[in-house]
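Below: the structure, in structure tokens.
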Amino acid sequence: MDAPSFGFIKCNIDGAFDNTSGANGAGYVMRDLSRKDTFCASLVFEVHSAEEVEARAIWAVLKKALEQQFTHIIFESDAKSLIDQFSAGKFEGNSRTDAIFKDIQFFSSKLVTCIFSFQPRTCNSVAHELALWDKKNNSTMYWFVPPVWILPTVEEDH
């Protein structure tokens, strides 16, 4: 994983969804130029698809980025169809995702630079582990310092 450019925050996102049970989780980790973990979270949503989990995770990160007054952010996700849509400026979803997509469009327009980049899951190992943990534990959590149980994955990710 490359460090973000000066002034940028890079956010790796991943979602996990079980089609049978509906169990889901999303994880994200924000990093600055020094590759220092700025913030990470695991989130649970009321969703009906893997795409919806990923979209809601992007929405949550954008909301957090605006709260933190970040101005330049790079999103990395393995949800290729979403990343392709958002990169092309297409923010129209289905009946379940349209409002979230419109919020993503609005929030991203408030940033100086917002880049959506497809990356394979291997580049999002911390976010993936957070998503899997959350899918299993069904508990939304936020950390300014990564939890102890994920530190080995954080170290490998650098």
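Following the order of the structure tokens, chains are lettered A, B, ..., residues in each are numbered from 1, and ligands are numbered from 1.
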
Running DSSP on the backbone, which parts of chain A land in strand (DSSP E or B), as a ChimeraX atom specification?
/A:9-17,24-31,37-43,72-77,113-118,141-143

Write out as a VMD selection string the residues lying within 8 Å of range 9-25 of chain A, counting only C-alpha atoms and excluding same-chain residues fewer than 6 positions away.
chain A and resid 3 31 to 33 42 to 45 47 to 50 53 to 54 57 to 58 61 70 72 to 79 121 124 126 to 128 130 to 136 138

File dump, residues just selected, C-alpha atoms, as a PDB file, in the first residue's frame:
```pdb
ATOM      1  CA  ALA A   3       1.288   6.317   1.416  1.00  0.00           C
ATOM      2  CA  ARG A  31      -4.149   7.267   7.171  1.00  0.00           C
ATOM      3  CA  ASP A  32      -2.124  10.402   6.583  1.00  0.00           C
ATOM      4  CA  LEU A  33       1.136  10.890   4.670  1.00  0.00           C
ATOM      5  CA  SER A  42     -16.084  -0.991  12.284  1.00  0.00           C
ATOM      6  CA  LEU A  43     -19.722  -0.338  11.456  1.00  0.00           C
ATOM      7  CA  VAL A  44     -22.990  -2.259  11.235  1.00  0.00           C
ATOM      8  CA  PHE A  45     -25.858  -1.076   9.049  1.00  0.00           C
ATOM      9  CA  VAL A  47     -28.689  -3.204   4.627  1.00  0.00           C
ATOM     10  CA  HIS A  48     -29.708  -5.772   2.021  1.00  0.00           C
ATOM     11  CA  SER A  49     -26.566  -6.180  -0.098  1.00  0.00           C
ATOM     12  CA  ALA A  50     -22.775  -6.054  -0.109  1.00  0.00           C
ATOM     13  CA  VAL A  53     -22.661  -1.977   2.981  1.00  0.00           C
ATOM     14  CA  GLU A  54     -19.778  -0.488   0.974  1.00  0.00           C
ATOM     15  CA  ALA A  57     -19.221   2.866   4.684  1.00  0.00           C
ATOM     16  CA  ILE A  58     -18.122   5.482   2.131  1.00  0.00           C
ATOM     17  CA  VAL A  61     -16.148   8.113   6.041  1.00  0.00           C
ATOM     18  CA  PHE A  70     -10.183  17.080   5.907  1.00  0.00           C
ATOM     19  CA  HIS A  72      -8.211  15.940   0.323  1.00  0.00           C
ATOM     20  CA  ILE A  73      -9.239  12.292   0.580  1.00  0.00           C
ATOM     21  CA  ILE A  74      -8.574   9.138  -1.422  1.00  0.00           C
ATOM     22  CA  PHE A  75     -11.005   6.232  -1.050  1.00  0.00           C
ATOM     23  CA  GLU A  76      -9.698   2.752  -1.765  1.00  0.00           C
ATOM     24  CA  SER A  77     -12.189  -0.088  -2.002  1.00  0.00           C
ATOM     25  CA  ASP A  78     -12.545  -3.451  -3.704  1.00  0.00           C
ATOM     26  CA  ALA A  79     -16.161  -2.629  -4.630  1.00  0.00           C
ATOM     27  CA  ARG A 121      -8.846  -6.691  -1.189  1.00  0.00           C
ATOM     28  CA  ASN A 124      -7.355  -3.302   2.214  1.00  0.00           C
ATOM     29  CA  VAL A 126      -7.028  -3.828   7.860  1.00  0.00           C
ATOM     30  CA  ALA A 127     -10.418  -2.622   6.618  1.00  0.00           C
ATOM     31  CA  HIS A 128     -11.300  -6.198   5.633  1.00  0.00           C
ATOM     32  CA  LEU A 130     -12.478  -4.780  10.745  1.00  0.00           C
ATOM     33  CA  ALA A 131     -15.450  -5.597   8.498  1.00  0.00           C
ATOM     34  CA  LEU A 132     -15.246  -9.319   9.288  1.00  0.00           C
ATOM     35  CA  TRP A 133     -14.945  -8.602  13.014  1.00  0.00           C
ATOM     36  CA  ASP A 134     -17.988  -6.387  12.868  1.00  0.00           C
ATOM     37  CA  LYS A 135     -20.026  -8.876  10.850  1.00  0.00           C
ATOM     38  CA  LYS A 136     -19.342 -11.433  13.581  1.00  0.00           C
ATOM     39  CA  ASN A 138     -22.547  -6.823  15.311  1.00  0.00           C
TER      40      ASN A 138
END
```

How would you write, as a PyMOL selection string, the set of residues in chain A that DSSP gives as alpha helix (DSSP H)?
chain A and resi 50-67+80-87+98-109+125-137+151-157

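Here CA of Gly27 in chain A is placed at a distance of 20.8 Å from CA of Ser87 in chain A.
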
Could you jot down the CA of Glu51 in chain A to CA of Glu92 in chain A separation for me, Å, one decimal place?
13.0 Å

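Shell of Trp59 in chain A at 10 Å, with only C-alpha atoms counted and residues fewer than 6 places along the chain excluded, is A:Val53, A:Ala65, A:Ile100, A:Phe101, A:Lys102, A:Asp103, A:Ile104, A:Gln105, A:Phe107, A:Ser108.
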
Pull N, CA and C atoms from the residues just selected and write them as a compact mmCIF listing (two decimals), in the first residue's frame.
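File written: part.txt
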```txt
# COMPACT_ATOMS: atom_id res chain seq x y z
N VAL A 53 -23.60 -2.09 1.85
CA VAL A 53 -22.66 -1.98 2.98
C VAL A 53 -21.51 -1.05 2.60
N ALA A 65 -14.85 12.68 7.55
CA ALA A 65 -13.84 13.55 6.92
C ALA A 65 -14.27 15.01 7.02
N ILE A 100 -28.36 7.50 -0.26
CA ILE A 100 -26.97 7.41 0.19
C ILE A 100 -26.03 7.90 -0.91
N PHE A 101 -26.27 7.48 -2.16
CA PHE A 101 -25.44 7.92 -3.28
C PHE A 101 -25.49 9.44 -3.42
N LYS A 102 -26.67 10.02 -3.28
CA LYS A 102 -26.80 11.48 -3.40
C LYS A 102 -26.05 12.18 -2.25
N ASP A 103 -26.11 11.62 -1.05
CA ASP A 103 -25.33 12.17 0.07
C ASP A 103 -23.84 12.08 -0.20
N ILE A 104 -23.40 10.96 -0.76
CA ILE A 104 -21.98 10.79 -1.09
C ILE A 104 -21.57 11.86 -2.10
N GLN A 105 -22.41 12.09 -3.09
CA GLN A 105 -22.13 13.13 -4.08
C GLN A 105 -22.03 14.50 -3.41
N PHE A 107 -21.51 15.24 -0.09
CA PHE A 107 -20.37 15.30 0.83
C PHE A 107 -19.05 15.43 0.07
N SER A 108 -18.90 14.63 -1.00
CA SER A 108 -17.63 14.66 -1.75
C SER A 108 -17.43 16.00 -2.44
```

As a check of understanding: the span from CA of Val29 in chain A to CA of Phe106 in chain A is 21.7 Å

Range 80-83 of chain A: which residues within 7 Å, counting only C-alpha atoms, same-chain residues fewer than 5 positions away excluded, as JSON, numbers by chain?
{"A": [116, 117, 118]}

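Of the residues listed (A:Ala55, A:Leu66, A:Val112, A:Cys123), A:Ala55 shows the shortest atom-to-atom separation from Thr97 in chain A; distances use only C-alpha atoms.
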
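Proximity to Thr153 in chain A was assessed for A:Ser125, A:Gln69, A:Asn94, A:Ser34 counting only C-alpha atoms; the smallest distance is recorded for A:Ser125.
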